[in-house]
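Below is one structure, written out as structure tokens; the observations come after it.
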Amino acid sequence: MIQEKFDAIVVGAGMAGNAAALTMAERGMKVLQLERGEYAGSKNVQGAILYADMMEKLIPDFREDAPLERHLVEQRFWMMDDRSHVGMHYRSEDFNEERPNRYTIIRAQFDKWFSSKVREAGATVLYETTATELVRDNYGKVRGVRTDRRDGEIQADVVVLAEGVNGLLGTRAGLRARPTPDKVALAVKEMHFLPRETIEARFNLKDDEGVVIEAAGTISRGMTGMGFIYANKESISLGIGCLVADFQRTGETPYGLLDHFKKHPSVASLIAGSEVKEYSAHLIPEGGYRAIPQLYGEGWVVVGDAAQFNNAVHREGSNLAMTSGRIAAEAISQVKSRRDGMTAKNLSLYKKMLDESFVIKDLKKYKDLPRLMHTNSQSFFLTYPQLVSRAMQNFVRVDGTPKVDKEKVTIKSFVRARSWTGLFGDAVRFARAWR
Amino acid sequence: MNAEQSVRVEDKLYYNRYLVDVGRPHVKVRRHTTPSLQLLALLKACPARCYELNDKGEVEVAVDGCIECGTCRVIAEPTGDIEWNYPRGGYGVLFKFG
């Protein structure tokens, strides 16, 4: 069936793939995009928060017809122990702006819309088509892909691997290593449906205002992990994830952890009475800068989660994905307009442009944090949350104990748990890794 | 900590939409008599509880409820304990929300 040769094949119709396909199609390139799901989004899972700044660079007026849930006016960080949470909340009227900065979205719906824009721009999109193998010529240059359809191979000058965290084609072709258990987190998620008015009352929202909560602490039972609770229009996205290596080591089950999180008094009250309509799971790249593989080669580039672009500190992955997809497409387009071949040397322009962007700069900034969190998971996810909770209760509870004595008790509890050198060391290590 | 046993994963999976590729499981367990540590880890790590011990103490996989996360691949493909693929195009889980 597919006799024609394309300028580019994009494997995957997620954030990175759609960004790449859209950008190349808009520049007049003949693009084929392959998606293994029935529709774009049917195989993808995310919290999900959409970062408008990066989306605007692709579709400036996306707000007009993109399916958006709530625009975020409040961000909460919760440090949790078993019966409490210590929270830092930031809410501002500044976020009720004409072009809001962040939105919650529902991926299956958003991706479908995004994919329609890709088709509108002129790309050919084939759904229900799983790419199974990269095809290379005798010199090892990628010249196309093979799919599970009966058509043999499809040829292109360049293949954009936007195939997600599992990266089947790239790993099979030896372009990069398969993710290891210490470099990916498994997150499980549920969609909880509630009437709009209930959500708005519980989170103190009006109209389409939204809130997101990022939570950490004893909810991950000593493992390195994070929970999230995001408000959509008529539902709450709720989930929790931990490093696969930690699940493997402890024997904790992901669904057991999710239920434990849901039963926490601070969480249970937010979802009480909800109707669950979906249960999903996905892997998230957690290795940071040090886990980034080779990004380009003879006839190929890799973008998005497949390139391990995820800023775990800021929960940013989809914007890195769409930006890397766009930048890769711009680089490819430049190479093509010079009538040059898609060689590794020419495609290195992609990496050069990426290095100058916030994508690599942000990942570089936090390159030491993954390792710090993983090697100190007990401290950061068990000890400190418990200490902080007790310190706060000590501060808040009024029982006639002189305040001086109360403070002494708190300080003693920290020192006993971590020692002065431990406390100092933790602070220094964290500050260094943060900078 | 047997809280996990009381979690009815089947109930969670019931909400999801699937198109099962009958007779073509996309993940297969290598034949074995004694399961490796990696295979045993899958009994707990799979979020859809696709892996179970049969009466002969072997680990078996049923992919009908698979949500295609790839966790089992990360844990058990390097040792060759499982053969992992995506389902054929259009088959498998189809998220309504994601």
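FYI, nothing fancy with the structure tokens labels: chains A, B, ... in order, residues from 1 per chain, ligands from 1 as they appear.
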Residue list for chain B near chain A as a list of chain:residue names, 7 Å, only C-alpha atoms: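 Here they are: B:Ala3, B:Glu4, B:Val7, B:Lys12, B:Leu13, B:Tyr15, B:Asn16, B:Ala41, B:Lys44, B:Ala45, B:Pro47, B:Ile67, B:Cys69, B:Gly70, B:Thr71, B:Val74, B:Ile75, B:Arg88, B:Gly89, B:Gly90, B:Leu94, B:Phe95, B:Lys96, B:Phe97, B:Gly98.
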Separation of atom CA of A:Gln33 from atom CA of A:Asn310, in Å and rounded to one decimal: 23.0 Å
Members of stretch 26-215 of chain A assigned helix (DSSP H, G or I) by DSSP, as a PyMOL selection string: chain A and resi 26+52-56+62-65+93-95+107-120+168-172+196-203
Those selected residues, please, written with C-alpha atoms and delivered as a compact mmCIF listing (two decimals), in the first residue's frame.
```
# COMPACT_ATOMS: atom_id res chain seq x y z
CA GLU A 26 3.56 23.47 8.42
CA ALA A 52 0.51 27.14 27.86
CA ASP A 53 3.74 28.97 27.05
CA MET A 54 5.15 26.00 25.19
CA MET A 55 1.83 25.15 23.59
CA GLU A 56 1.51 28.71 22.28
CA PHE A 62 -4.92 26.88 21.06
CA ARG A 63 -7.22 28.28 23.74
CA GLU A 64 -9.92 28.87 21.14
CA ASP A 65 -10.81 25.26 20.56
CA GLU A 93 -5.43 36.44 41.35
CA ASP A 94 -2.58 37.06 38.91
CA PHE A 95 -3.34 33.64 37.44
CA ARG A 107 -4.95 13.56 27.64
CA ALA A 108 -7.24 11.31 25.61
CA GLN A 109 -9.34 14.33 24.76
CA PHE A 110 -6.50 16.81 24.30
CA ASP A 111 -4.39 14.50 22.15
CA LYS A 112 -7.35 13.83 19.85
CA TRP A 113 -7.71 17.57 19.28
CA PHE A 114 -3.96 18.09 18.86
CA SER A 115 -3.85 15.25 16.35
CA SER A 116 -6.66 16.85 14.34
CA LYS A 117 -4.50 19.96 14.06
CA VAL A 118 -1.63 17.84 12.79
CA ARG A 119 -3.89 16.43 10.06
CA GLU A 120 -5.18 19.91 9.24
CA LEU A 168 10.70 0.07 21.67
CA LEU A 169 12.14 0.89 18.25
CA GLY A 170 15.15 2.76 19.51
CA THR A 171 16.10 0.18 22.12
CA ARG A 172 15.61 -2.71 19.70
CA ARG A 196 -18.75 20.58 39.37
CA GLU A 197 -20.26 22.33 42.38
CA THR A 198 -18.75 19.77 44.73
CA ILE A 199 -15.28 20.18 43.25
CA GLU A 200 -15.59 23.94 43.37
CA ALA A 201 -16.76 23.90 46.97
CA ARG A 202 -14.06 21.51 48.16
CA PHE A 203 -11.25 23.41 46.46
```
Surrounding residues of stretch 18-27 of chain B excluding itself and chain neighbours under 4 positions, 8 Å, only C-alpha atoms, as a count of residues only: 17
Contacts of B:His32 within 9 Å, only C-alpha atoms, excl. fewer than 3 positions in-chain, as a list in words: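 The residues that qualify are Val29, Pro35, Ser36, Glu58, Val59 and Asp81 of chain B.
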For the selection you just gave me, I'd like the residues written to a file as an mmCIF file, in the first residue's frame, keeping N, CA and C atoms.
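Dumped to out.cif:
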```
data_model
loop_
_atom_site.group_PDB
_atom_site.id
_atom_site.type_symbol
_atom_site.label_atom_id
_atom_site.label_comp_id
_atom_site.auth_asym_id
_atom_site.auth_seq_id
_atom_site.Cartn_x
_atom_site.Cartn_y
_atom_site.Cartn_z
ATOM 1 N N VAL B 29 5.533 -15.323 28.919
ATOM 2 C CA VAL B 29 6.520 -15.716 29.924
ATOM 3 C C VAL B 29 7.298 -16.909 29.400
ATOM 4 N N PRO B 35 10.407 -20.100 39.099
ATOM 5 C CA PRO B 35 10.454 -18.708 38.638
ATOM 6 C C PRO B 35 11.674 -17.961 39.183
ATOM 7 N N SER B 36 12.249 -17.106 38.353
ATOM 8 C CA SER B 36 13.384 -16.293 38.780
ATOM 9 C C SER B 36 12.891 -15.199 39.726
ATOM 10 N N GLU B 58 4.525 -21.945 38.909
ATOM 11 C CA GLU B 58 5.087 -21.173 37.809
ATOM 12 C C GLU B 58 4.364 -19.837 37.705
ATOM 13 N N VAL B 59 5.060 -18.845 37.164
ATOM 14 C CA VAL B 59 4.440 -17.534 36.966
ATOM 15 C C VAL B 59 3.773 -17.511 35.592
ATOM 16 N N ASP B 81 13.295 -13.359 30.849
ATOM 17 C CA ASP B 81 12.186 -14.062 31.483
ATOM 18 C C ASP B 81 10.866 -13.836 30.766
#
```
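The list of residues with at least one atom within 10 Å of stretch 413-416 of chain A, based on only C-alpha atoms and without residues fewer than 2 positions apart in the same chain, reads Thr383, Tyr384, Gln386, Leu387, Val388, Arg390, Ala391, Glu407, Lys408, Val409, Thr410, Ile411, Arg418, Ser419, Trp420, Thr421, Gly422 and Leu423 of chain A.
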Residue contacts of A:Ser333 (8 Å, only C-alpha atoms) excluding same-chain residues fewer than 5 positions away, as a PyMOL selection string: chain A and resi 24+27+29
Using C-alpha atoms, can you write the selected residues to a file as a PDB file, in the first residue's frame?
```pdb
ATOM      1  CA  MET A  24       7.283  19.800   9.778  1.00  0.00           C
ATOM      2  CA  ARG A  27       6.921  23.881   6.739  1.00  0.00           C
ATOM      3  CA  MET A  29       7.326  18.641   4.443  1.00  0.00           C
TER       4      MET A  29
END
```
Among the residues A:Glu74, A:Glu286, A:Asp355, A:Glu153, the one that comes closest to A:Asp368 [using only C-alpha atoms]: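 When distances to A:Asp368 are compared using only C-alpha atoms, the smallest one comes from A:Glu286.
The interatomic distance for the pair atom CA of A:Ala433 and atom CA of A:Tyr366 works out to 6.2 Å.
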